[in-house]
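What follows is a single structure, written as structure tokens, with notes after it.
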Amino acid sequence: MRQMNLLAAVVFLGLVASCAEDHPDPTKAETASLILTNARVYTLNWDEPALDGTVMPNAPHDEGGWHPDAEAVATQGREILFVGSNDDAMKFKGESTRVIDLAGATVIPGLVDSHTHIFGLGALLDQVNLVDVATEEAAVALIVERAKSVPPGEWIVGRGWDEGAWANRYPDKAMLTLAVPNHPVFMDSLHGFAGWGNQMALDAAGISAKTEVPVGGEMRLGSDGQPSGLFLNQGVEMLRAAIPAPSRETLTNQFLLGIRQMAADGYTAIHDAGLDTQQMSILEELEAADKLPVRVYAMLSLRDEELIRKWIEKGPDTDTDSMLVTRTVKAYYDGALGSRGARLLYDYADQPGHRGISGDGYGFNQELNAEAMKAGFQIAVHAIGDAGNREAIDILEHVIKENPSTARNRHRIEHAQVISPDDIPRLGQLGIIASMEPPHAMEDKTWAEERLGPERILGAYAWRSLRESGARLTFNSDNPGSDHTIFYGLHSAITRQDKNQQPEGGWYADQRMTADEAVRAYSTWSAYASFREDETGIIAADRWADLTVMDVDPFVLADDNPGAFLGGRIIMTIVDGKIVYER
Ligand SMILES: [Zn+2]
């Protein structure tokens, strides 16, 4: 239950309703715990833009462009108490109120990344980062430093040295073995096509000169005829496969590492797309210990049948108030476009005779999926290709027709990447949310058209077409495969340009979103996608005190200088009334 004095809330609501929000009566009002002043506040508490992006008349937008619609926010406990002018907000100041002068920073409703993999992000952060490290000496020095805090015998993994740049002087085990004798060490490269290890890693992997090397791989030998420690291409697997699965403690620490990073990057909630039994149990433990700094909206992996059956029995968790909410099943319907696994209606343009894989062939359990739907779960189904999307929509539609109540569960298609024009209107008709990653469009644009050809590309990453057809959207990063920085996300969504601001004018620029739409897709619309539109998504009295503060104004920059988004920084993240990150 919410820790809110209901009577006080009713009195205060009455107060707001009876007198203008600009003139609170401090004699009746409550005391704020936190007041943010001198801010550029965009409440998003105005009508949604039209489907073509046209700004609504009650939005804070005029001939001069966008301007903030408030300058201060006061919170009390877990909720927003007041939003309006500096002077009026200060009327809620009491003895214990913390007042923060934001000096012109921008405040928007708490950001949501509605498709993430936080255990994966944490694992990545937990490895020693070797990106941009110039020499073997420097890389080994970083491992020596890490070894000081890792119990002897435990693996240390470094990742990110550039196998292209280092190709003329590949390292071997010698220096690493000498410097780090008591830990098995694996040094993975930036793209995973090369790796080296120390002697302890070779021993742990049971590798000798006689070990068979996988097809397409290479194991280098030293002048003594023994493995040098360096492996190439498929050979890297020989070392990689020897790393034991992380312990529960390690996984817990990695999740915390990842979720704290999300807090530092301005997110007040994340949706985790596909959790198994052990991961769910770790999340439940973290929630019980009150250790989650950011709200977690969990999606159960349909691949974990035992876990799904357990949840079908107990039913979805509709207590949207807790820090961990579980009411979604993540299904996997087809592969990815880059590796030509996405299922297409017709042949790949760059591989005649090939259409990818989907459904049963991809391990999708249709029966279990239908059972979860009937038990009241939201389904979030990964679908990339136009056939993958059509079949996924067909499957959802079939269950909805047989059980009309399942239509209420706001099913989602994750990625919704390539959709036939015939299917685009079906999402809106069936109430299916398109859950998409603007950065993917920017990262895939160099080869996506080769895979799809000039016609199908028009239905790819088609945010505007989907919105105009009546589909609801939510935007996200799908990290750690993609950079989750909100500034990159907003930049991609608003400009359809990559980090180098290419191509000029934007890639298929008619699919761009406006600033109003893009910010909503990472906040207001994500709140809808998780059934929280009454509690969060806008800044208004009585809503959750979930706020993101940044040093750039996305509304003004979208018109004036969208490239400047990429240099934006998060100043503060407030979740449930608590400051979970402060720069
Ligand atoms: Zn994903």
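A note on labels: chains of the structure tokens are A, B, ... as shown, every chain counts residues from 1, and ligands are counted from 1 in their shown order.
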
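Taking the backbone of this structure through DSSP, the residues of stretch 326-391 of chain A that come out as strand (DSSP E) are A:Thr326, A:Arg327, A:Thr328, A:Val329, A:Lys330, A:Ala331, A:Tyr332, A:Gln378, A:Ile379, A:Ala380, A:Val381, A:His382, A:Ala383.
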
Worksheet item: Would you name the residues within 7 Å of ligand 1, counting only C-alpha atoms and all ligand atoms, and put them as a VMD selection string?
Response: chain A and resid 115 to 117 273 478

What's the 12 Å shell around A:Thr250, counting only C-alpha atoms, without same-chain residues fewer than 3 positions away, as a list in words?
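Within the cut-off, the hits are Phe119, Gly122, Ala123, Asp126, Gln127, Val150, Glu154, Trp155, Pro244, Ala245, Pro246, Ser247, Asn253, Gln254, Phe255, Leu256, Leu257, Gln279 and Ile282 of chain A.
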
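Neighbours of A:Ala545 closer than or equal to 8 Å, with only C-alpha atoms counted and sequence neighbours fewer than 3 positions away skipped, come out as Thr75, Arg78, Glu79, Ile80, Ile574, Val575, Asp576 and Gly577 of chain A.
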
So that I have them on file, write out the residues from the current selection with C-alpha atoms, as a tab-separated table (two decimals), in the first residue's frame.
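So the final result, stored in part-v5.tsv, reads:
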```tsv
chain	number	residue	atom	x	y	z
A	75	THR	CA	7.45	16.57	-3.59
A	78	ARG	CA	6.66	9.42	-2.53
A	79	GLU	CA	4.47	11.84	-4.44
A	80	ILE	CA	4.46	15.15	-6.20
A	574	ILE	CA	14.43	11.03	-8.46
A	575	VAL	CA	12.52	7.78	-7.91
A	576	ASP	CA	9.63	7.41	-5.49
A	577	GLY	CA	10.58	10.77	-3.94
```

Go through stretch 424-512 of chain A and collect every residue that DSSP, computed from the backbone, puts in alpha helix (DSSP H); the answer should be as a compact mmCIF listing (two decimals) with all heavy atoms, in the first residue's frame.
```txt
# COMPACT_ATOMS: atom_id res chain seq x y z
N ILE A 424 0.41 -3.03 -40.72
CA ILE A 424 0.62 -1.87 -39.85
C ILE A 424 -0.66 -1.45 -39.12
O ILE A 424 -0.64 -1.25 -37.90
CB ILE A 424 1.28 -0.72 -40.64
CG1 ILE A 424 2.78 -1.06 -40.82
CG2 ILE A 424 1.12 0.62 -39.92
CD1 ILE A 424 3.60 -0.01 -41.54
N PRO A 425 -1.82 -1.36 -39.81
CA PRO A 425 -3.03 -0.92 -39.08
C PRO A 425 -3.52 -1.92 -38.05
O PRO A 425 -4.30 -1.57 -37.16
CB PRO A 425 -4.08 -0.76 -40.19
CG PRO A 425 -3.34 -0.82 -41.47
CD PRO A 425 -2.08 -1.57 -41.23
N ARG A 426 -3.07 -3.17 -38.14
CA ARG A 426 -3.61 -4.19 -37.23
C ARG A 426 -3.17 -3.97 -35.78
O ARG A 426 -3.87 -4.39 -34.86
CB ARG A 426 -3.19 -5.59 -37.70
CG ARG A 426 -3.74 -5.95 -39.07
CD ARG A 426 -3.21 -7.28 -39.55
NE ARG A 426 -3.69 -8.39 -38.74
CZ ARG A 426 -3.07 -9.56 -38.66
NH1 ARG A 426 -1.93 -9.76 -39.28
NH2 ARG A 426 -3.58 -10.52 -37.91
N LEU A 427 -2.02 -3.36 -35.58
CA LEU A 427 -1.57 -3.14 -34.20
C LEU A 427 -2.56 -2.24 -33.47
O LEU A 427 -3.03 -2.57 -32.38
CB LEU A 427 -0.16 -2.55 -34.16
CG LEU A 427 0.96 -3.56 -34.40
CD1 LEU A 427 1.35 -3.61 -35.85
CD2 LEU A 427 2.17 -3.27 -33.54
N GLY A 428 -2.87 -1.10 -34.08
CA GLY A 428 -3.83 -0.19 -33.46
C GLY A 428 -5.18 -0.86 -33.25
O GLY A 428 -5.79 -0.74 -32.18
N GLN A 429 -5.64 -1.59 -34.27
CA GLN A 429 -6.96 -2.24 -34.17
C GLN A 429 -7.03 -3.23 -33.02
O GLN A 429 -8.05 -3.35 -32.36
CB GLN A 429 -7.28 -2.97 -35.49
CG GLN A 429 -7.65 -2.05 -36.63
CD GLN A 429 -7.42 -2.69 -38.01
OE1 GLN A 429 -7.19 -3.90 -38.11
NE2 GLN A 429 -7.48 -1.87 -39.06
N LEU A 430 -5.92 -3.92 -32.79
CA LEU A 430 -5.93 -4.95 -31.74
C LEU A 430 -5.42 -4.42 -30.40
O LEU A 430 -5.32 -5.17 -29.43
CB LEU A 430 -5.07 -6.14 -32.18
CG LEU A 430 -5.65 -6.96 -33.33
CD1 LEU A 430 -4.59 -7.84 -33.96
CD2 LEU A 430 -6.83 -7.82 -32.84
N PRO A 438 14.67 3.47 -31.25
CA PRO A 438 15.16 4.41 -32.26
C PRO A 438 16.64 4.22 -32.62
O PRO A 438 16.99 4.28 -33.79
CB PRO A 438 14.88 5.78 -31.63
CG PRO A 438 13.69 5.54 -30.76
CD PRO A 438 13.88 4.16 -30.21
N PRO A 439 17.53 3.93 -31.63
CA PRO A 439 18.92 3.73 -32.02
C PRO A 439 19.14 2.57 -32.99
O PRO A 439 20.06 2.60 -33.79
CB PRO A 439 19.64 3.47 -30.68
CG PRO A 439 18.80 4.19 -29.68
CD PRO A 439 17.39 3.96 -30.16
N HIS A 440 18.30 1.53 -32.91
CA HIS A 440 18.48 0.41 -33.84
C HIS A 440 18.40 0.87 -35.29
O HIS A 440 19.14 0.40 -36.15
CB HIS A 440 17.42 -0.67 -33.61
CG HIS A 440 17.74 -1.57 -32.44
ND1 HIS A 440 16.95 -2.65 -32.12
CD2 HIS A 440 18.74 -1.56 -31.55
CE1 HIS A 440 17.47 -3.26 -31.05
NE2 HIS A 440 18.55 -2.62 -30.69
N ALA A 441 17.48 1.79 -35.57
CA ALA A 441 17.35 2.27 -36.94
C ALA A 441 18.66 2.91 -37.39
O ALA A 441 19.10 2.72 -38.53
CB ALA A 441 16.21 3.28 -37.04
N MET A 442 19.28 3.63 -36.47
CA MET A 442 20.51 4.33 -36.83
C MET A 442 21.68 3.36 -37.00
O MET A 442 22.57 3.56 -37.81
CB MET A 442 20.84 5.39 -35.77
CG MET A 442 19.79 6.47 -35.66
SD MET A 442 19.50 7.27 -37.26
CE MET A 442 18.07 6.38 -37.89
N GLU A 443 21.67 2.28 -36.20
CA GLU A 443 22.77 1.32 -36.26
C GLU A 443 22.62 0.36 -37.43
O GLU A 443 23.59 -0.16 -37.96
CB GLU A 443 22.83 0.54 -34.94
CG GLU A 443 23.39 1.41 -33.81
CD GLU A 443 22.87 1.01 -32.43
OE1 GLU A 443 22.40 -0.13 -32.26
OE2 GLU A 443 22.95 1.86 -31.51
N ASP A 444 21.37 0.12 -37.84
CA ASP A 444 21.12 -0.87 -38.90
C ASP A 444 21.07 -0.25 -40.29
O ASP A 444 21.08 -0.97 -41.29
CB ASP A 444 19.76 -1.57 -38.66
CG ASP A 444 19.71 -2.32 -37.34
OD1 ASP A 444 20.73 -2.37 -36.64
OD2 ASP A 444 18.63 -2.85 -37.01
N LYS A 445 21.00 1.07 -40.36
CA LYS A 445 20.67 1.68 -41.64
C LYS A 445 21.67 1.36 -42.75
O LYS A 445 21.29 1.32 -43.91
CB LYS A 445 20.50 3.20 -41.49
CG LYS A 445 21.76 3.95 -41.09
CD LYS A 445 21.45 5.44 -41.02
CE LYS A 445 22.45 6.26 -40.27
NZ LYS A 445 23.86 5.95 -40.44
N THR A 446 22.93 1.07 -42.38
CA THR A 446 23.92 0.82 -43.44
C THR A 446 23.65 -0.49 -44.19
O THR A 446 23.99 -0.61 -45.34
CB THR A 446 25.35 0.76 -42.85
OG1 THR A 446 25.33 -0.06 -41.69
CG2 THR A 446 25.85 2.14 -42.49
N TRP A 447 23.03 -1.47 -43.51
CA TRP A 447 22.81 -2.74 -44.21
C TRP A 447 21.34 -3.17 -44.31
O TRP A 447 21.00 -4.08 -45.03
CB TRP A 447 23.64 -3.86 -43.57
CG TRP A 447 23.57 -3.91 -42.07
CD1 TRP A 447 24.51 -3.48 -41.19
CD2 TRP A 447 22.48 -4.40 -41.26
NE1 TRP A 447 24.09 -3.67 -39.89
CE2 TRP A 447 22.86 -4.24 -39.91
CE3 TRP A 447 21.23 -4.97 -41.54
CZ2 TRP A 447 22.01 -4.60 -38.85
CZ3 TRP A 447 20.40 -5.34 -40.50
CH2 TRP A 447 20.80 -5.14 -39.17
N ALA A 448 20.46 -2.48 -43.57
CA ALA A 448 19.06 -2.93 -43.53
C ALA A 448 18.43 -2.94 -44.93
O ALA A 448 17.67 -3.84 -45.29
CB ALA A 448 18.25 -2.05 -42.59
N GLU A 449 18.78 -1.93 -45.72
CA GLU A 449 18.17 -1.86 -47.05
C GLU A 449 18.71 -2.97 -47.97
O GLU A 449 17.98 -3.46 -48.82
CB GLU A 449 18.39 -0.47 -47.66
CG GLU A 449 17.52 -0.25 -48.88
CD GLU A 449 17.23 1.22 -49.18
OE1 GLU A 449 17.53 2.08 -48.34
OE2 GLU A 449 16.67 1.46 -50.27
N GLU A 450 19.95 -3.38 -47.73
CA GLU A 450 20.48 -4.51 -48.51
C GLU A 450 19.68 -5.78 -48.22
O GLU A 450 19.41 -6.59 -49.10
CB GLU A 450 21.94 -4.80 -48.13
CG GLU A 450 22.92 -3.75 -48.62
CD GLU A 450 24.28 -3.90 -47.94
OE1 GLU A 450 24.60 -5.00 -47.46
OE2 GLU A 450 24.99 -2.87 -47.88
N ARG A 451 19.31 -5.97 -46.97
CA ARG A 451 18.56 -7.16 -46.60
C ARG A 451 17.13 -7.12 -47.18
O ARG A 451 16.58 -8.15 -47.53
CB ARG A 451 18.41 -7.27 -45.07
CG ARG A 451 19.69 -7.30 -44.28
CD ARG A 451 20.29 -8.69 -44.24
NE ARG A 451 21.45 -8.65 -43.36
CZ ARG A 451 22.65 -8.16 -43.70
NH1 ARG A 451 22.84 -7.71 -44.93
NH2 ARG A 451 23.65 -8.14 -42.84
N LEU A 452 16.55 -5.91 -47.20
CA LEU A 452 15.11 -5.79 -47.45
C LEU A 452 14.76 -5.29 -48.85
O LEU A 452 13.66 -5.55 -49.34
CB LEU A 452 14.50 -4.82 -46.43
CG LEU A 452 14.61 -5.27 -44.96
CD1 LEU A 452 14.22 -4.13 -44.03
CD2 LEU A 452 13.74 -6.50 -44.71
N GLY A 453 15.66 -4.55 -49.48
CA GLY A 453 15.34 -3.93 -50.77
C GLY A 453 14.54 -2.66 -50.56
O GLY A 453 14.11 -2.34 -49.46
N PRO A 454 14.34 -1.91 -51.68
CA PRO A 454 13.81 -0.55 -51.58
C PRO A 454 12.33 -0.46 -51.15
O PRO A 454 11.91 0.59 -50.67
CB PRO A 454 13.98 0.00 -53.00
CG PRO A 454 14.06 -1.21 -53.87
CD PRO A 454 14.69 -2.28 -53.05
N GLU A 455 11.56 -1.53 -51.31
CA GLU A 455 10.13 -1.42 -50.95
C GLU A 455 9.88 -1.79 -49.50
O GLU A 455 9.23 -1.06 -48.77
CB GLU A 455 9.30 -2.31 -51.87
CG GLU A 455 8.91 -1.57 -53.14
CD GLU A 455 8.09 -2.43 -54.07
OE1 GLU A 455 7.21 -3.17 -53.56
OE2 GLU A 455 8.36 -2.38 -55.28
N ARG A 456 10.41 -2.94 -49.09
CA ARG A 456 10.15 -3.37 -47.71
C ARG A 456 10.76 -2.42 -46.69
O ARG A 456 10.27 -2.33 -45.57
CB ARG A 456 10.70 -4.79 -47.49
CG ARG A 456 9.84 -5.84 -48.13
CD ARG A 456 10.36 -7.21 -47.83
NE ARG A 456 11.64 -7.46 -48.46
CZ ARG A 456 12.19 -8.67 -48.61
NH1 ARG A 456 11.56 -9.74 -48.16
NH2 ARG A 456 13.36 -8.83 -49.19
N TRP A 463 8.16 4.32 -37.30
CA TRP A 463 7.50 4.87 -36.11
C TRP A 463 6.30 5.72 -36.48
O TRP A 463 5.23 5.61 -35.88
CB TRP A 463 8.49 5.72 -35.28
CG TRP A 463 9.84 5.12 -35.14
CD1 TRP A 463 10.13 3.80 -34.96
CD2 TRP A 463 11.10 5.81 -35.19
NE1 TRP A 463 11.51 3.64 -34.88
CE2 TRP A 463 12.12 4.85 -35.01
CE3 TRP A 463 11.46 7.15 -35.34
CZ2 TRP A 463 13.48 5.18 -35.00
CZ3 TRP A 463 12.82 7.50 -35.32
CH2 TRP A 463 13.81 6.51 -35.17
N ARG A 464 6.50 6.61 -37.46
CA ARG A 464 5.40 7.52 -37.83
C ARG A 464 4.24 6.74 -38.46
O ARG A 464 3.08 6.97 -38.13
CB ARG A 464 5.92 8.60 -38.79
CG ARG A 464 4.83 9.51 -39.39
CD ARG A 464 4.17 10.40 -38.36
NE ARG A 464 5.14 11.24 -37.70
CZ ARG A 464 4.98 11.78 -36.48
NH1 ARG A 464 3.86 11.56 -35.80
NH2 ARG A 464 5.91 12.52 -35.94
N SER A 465 4.55 5.81 -39.37
CA SER A 465 3.48 5.05 -40.01
C SER A 465 2.67 4.29 -38.96
O SER A 465 1.44 4.23 -39.03
CB SER A 465 4.04 4.04 -41.01
OG SER A 465 4.87 4.67 -41.94
N LEU A 466 3.36 3.73 -37.99
CA LEU A 466 2.65 2.98 -36.94
C LEU A 466 1.78 3.92 -36.12
O LEU A 466 0.62 3.63 -35.85
CB LEU A 466 3.66 2.26 -36.04
CG LEU A 466 4.17 0.95 -36.63
CD1 LEU A 466 5.49 0.53 -36.00
CD2 LEU A 466 3.13 -0.16 -36.45
N ARG A 467 2.34 5.06 -35.74
CA ARG A 467 1.56 5.98 -34.91
C ARG A 467 0.35 6.47 -35.71
O ARG A 467 -0.76 6.52 -35.18
CB ARG A 467 2.45 7.15 -34.47
CG ARG A 467 1.72 8.09 -33.55
CD ARG A 467 2.53 8.80 -32.50
NE ARG A 467 1.53 9.28 -31.55
CZ ARG A 467 1.06 10.53 -31.53
NH1 ARG A 467 1.54 11.47 -32.34
NH2 ARG A 467 0.08 10.86 -30.70
N GLU A 468 0.56 6.82 -36.98
CA GLU A 468 -0.56 7.34 -37.78
C GLU A 468 -1.64 6.29 -37.98
O GLU A 468 -2.80 6.61 -38.18
CB GLU A 468 -0.04 7.87 -39.12
CG GLU A 468 0.70 9.19 -38.91
CD GLU A 468 0.92 9.99 -40.19
OE1 GLU A 468 1.23 9.35 -41.21
OE2 GLU A 468 0.79 11.23 -40.13
N ILE A 486 19.86 8.29 -22.96
CA ILE A 486 18.63 8.93 -23.43
C ILE A 486 18.92 9.98 -24.51
O ILE A 486 18.12 10.18 -25.42
CB ILE A 486 17.83 9.55 -22.26
CG1 ILE A 486 16.46 10.06 -22.74
CG2 ILE A 486 18.59 10.69 -21.58
CD1 ILE A 486 15.55 9.01 -23.32
N PHE A 487 20.08 10.61 -24.41
CA PHE A 487 20.39 11.67 -25.39
C PHE A 487 20.57 11.07 -26.79
O PHE A 487 20.18 11.65 -27.78
CB PHE A 487 21.62 12.45 -24.93
CG PHE A 487 21.43 12.99 -23.53
CD1 PHE A 487 22.07 12.42 -22.46
CD2 PHE A 487 20.53 14.02 -23.31
CE1 PHE A 487 21.84 12.89 -21.16
CE2 PHE A 487 20.30 14.49 -22.02
CZ PHE A 487 20.96 13.93 -20.94
N TYR A 488 21.14 9.89 -26.84
CA TYR A 488 21.27 9.16 -28.10
C TYR A 488 19.88 8.71 -28.57
O TYR A 488 19.54 8.84 -29.74
CB TYR A 488 22.21 7.97 -27.87
CG TYR A 488 22.41 7.04 -29.04
CD1 TYR A 488 22.53 7.52 -30.34
CD2 TYR A 488 22.50 5.66 -28.83
CE1 TYR A 488 22.75 6.65 -31.40
CE2 TYR A 488 22.72 4.79 -29.88
CZ TYR A 488 22.84 5.29 -31.16
OH TYR A 488 23.05 4.42 -32.21
N GLY A 489 19.08 8.21 -27.65
CA GLY A 489 17.72 7.77 -28.00
C GLY A 489 16.89 8.91 -28.56
O GLY A 489 16.27 8.78 -29.62
N LEU A 490 16.88 10.03 -27.86
CA LEU A 490 16.08 11.18 -28.32
C LEU A 490 16.63 11.70 -29.66
O LEU A 490 15.88 12.04 -30.57
CB LEU A 490 16.11 12.30 -27.28
CG LEU A 490 15.35 12.06 -25.98
CD1 LEU A 490 15.57 13.21 -25.01
CD2 LEU A 490 13.85 11.87 -26.24
N HIS A 491 17.95 11.74 -29.76
CA HIS A 491 18.57 12.22 -31.00
C HIS A 491 18.16 11.34 -32.18
O HIS A 491 17.77 11.83 -33.24
CB HIS A 491 20.10 12.24 -30.83
CG HIS A 491 20.82 12.80 -32.01
ND1 HIS A 491 21.35 12.00 -32.99
CD2 HIS A 491 21.09 14.07 -32.38
CE1 HIS A 491 21.93 12.76 -33.90
NE2 HIS A 491 21.78 14.02 -33.56
N SER A 492 18.22 10.03 -31.98
CA SER A 492 17.83 9.10 -33.05
C SER A 492 16.36 9.30 -33.42
O SER A 492 15.99 9.34 -34.60
CB SER A 492 18.02 7.65 -32.60
OG SER A 492 19.33 7.42 -32.16
N ALA A 493 15.52 9.42 -32.40
CA ALA A 493 14.07 9.51 -32.64
C ALA A 493 13.70 10.80 -33.36
O ALA A 493 12.84 10.82 -34.24
CB ALA A 493 13.32 9.43 -31.30
N ILE A 494 14.36 11.87 -32.99
CA ILE A 494 13.95 13.19 -33.50
C ILE A 494 14.61 13.52 -34.84
O ILE A 494 14.04 14.18 -35.68
CB ILE A 494 14.25 14.27 -32.43
CG1 ILE A 494 13.32 14.06 -31.22
CG2 ILE A 494 14.09 15.68 -32.98
CD1 ILE A 494 13.70 14.84 -29.98
N THR A 495 15.84 13.01 -35.04
CA THR A 495 16.57 13.38 -36.27
C THR A 495 16.66 12.26 -37.30
O THR A 495 16.91 12.54 -38.46
CB THR A 495 18.01 13.80 -35.94
OG1 THR A 495 18.71 12.66 -35.45
CG2 THR A 495 18.04 14.92 -34.90
```

Closest of A:Leu547, A:Val381, A:Val236, A:Leu275 to A:Leu300, counting only C-alpha atoms, is A:Leu275

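Near stretch 30-35 of chain A, within 8 Å and counting only C-alpha atoms, sit Phe12, Ala72, Val73, Ala74, Thr75, Gln76, Gly77, Leu81, Ala89, Met90, Phe92, Lys93, Gly94, Ser96, Thr97, Arg98, Val99 and Ile100 of chain A; same-chain residues fewer than 6 positions away were not included.
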
Tell me, as number ranges by chain, which residues lie within 8 Å of A:Ala383, counting only C-alpha atoms; anything in the same chain fewer than 3 positions away does not count.
A: 332-335, 342, 388-389, 392, 413-417

Here atom CA of A:Ala165 and atom CA of A:Phe193 stand apart by 12.5 Å

- request: Would you kindly return, as an NGL selection string, each protein, DNA or RNA residue with an atom no farther than 12 Å from any atom of A:Asp319, considering only C-alpha atoms and excluding same-chain residues fewer than 4 positions away?
  value: :A and (1-2 or 297 or 315 or 323-327 or 530-532 or 535)

Any idea what the distance is between atom CA of A:Asp553 and atom CA of A:Leu111?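 Atom CA of A:Leu111 lies 14.3 Å from atom CA of A:Asp553.
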
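For the choices A:Ser420, A:Ser435, A:Thr43, A:Thr277, the atom-to-atom distance to A:Ala529 is smallest for A:Ser435 when using only C-alpha atoms.
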
Checklist entry - With only C-alpha atoms as the atoms that count, which of A:Tyr528, A:Tyr522, A:Trp46, A:Phe555 lies nearest to A:Gly266? => result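 Using only C-alpha atoms, A:Gly266 sits closest to A:Tyr522.
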
Q) What is the distance, in Å and to one decimal place, between atom CA of A:Gly568 and atom CA of A:Met550? A)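 Value for the atom CA of A:Gly568-atom CA of A:Met550 distance: 7.1 Å.
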
Of A:Val556, A:Leu337, A:Val41, A:Leu566, the one nearest to A:Ile457 when counting only C-alpha atoms is A:Leu337

The residue from A:Asp559, A:Asp203, A:Asp386, A:Asp188 with the smallest atom-to-atom distance to A:Tyr346, counting only C-alpha atoms, is A:Asp386
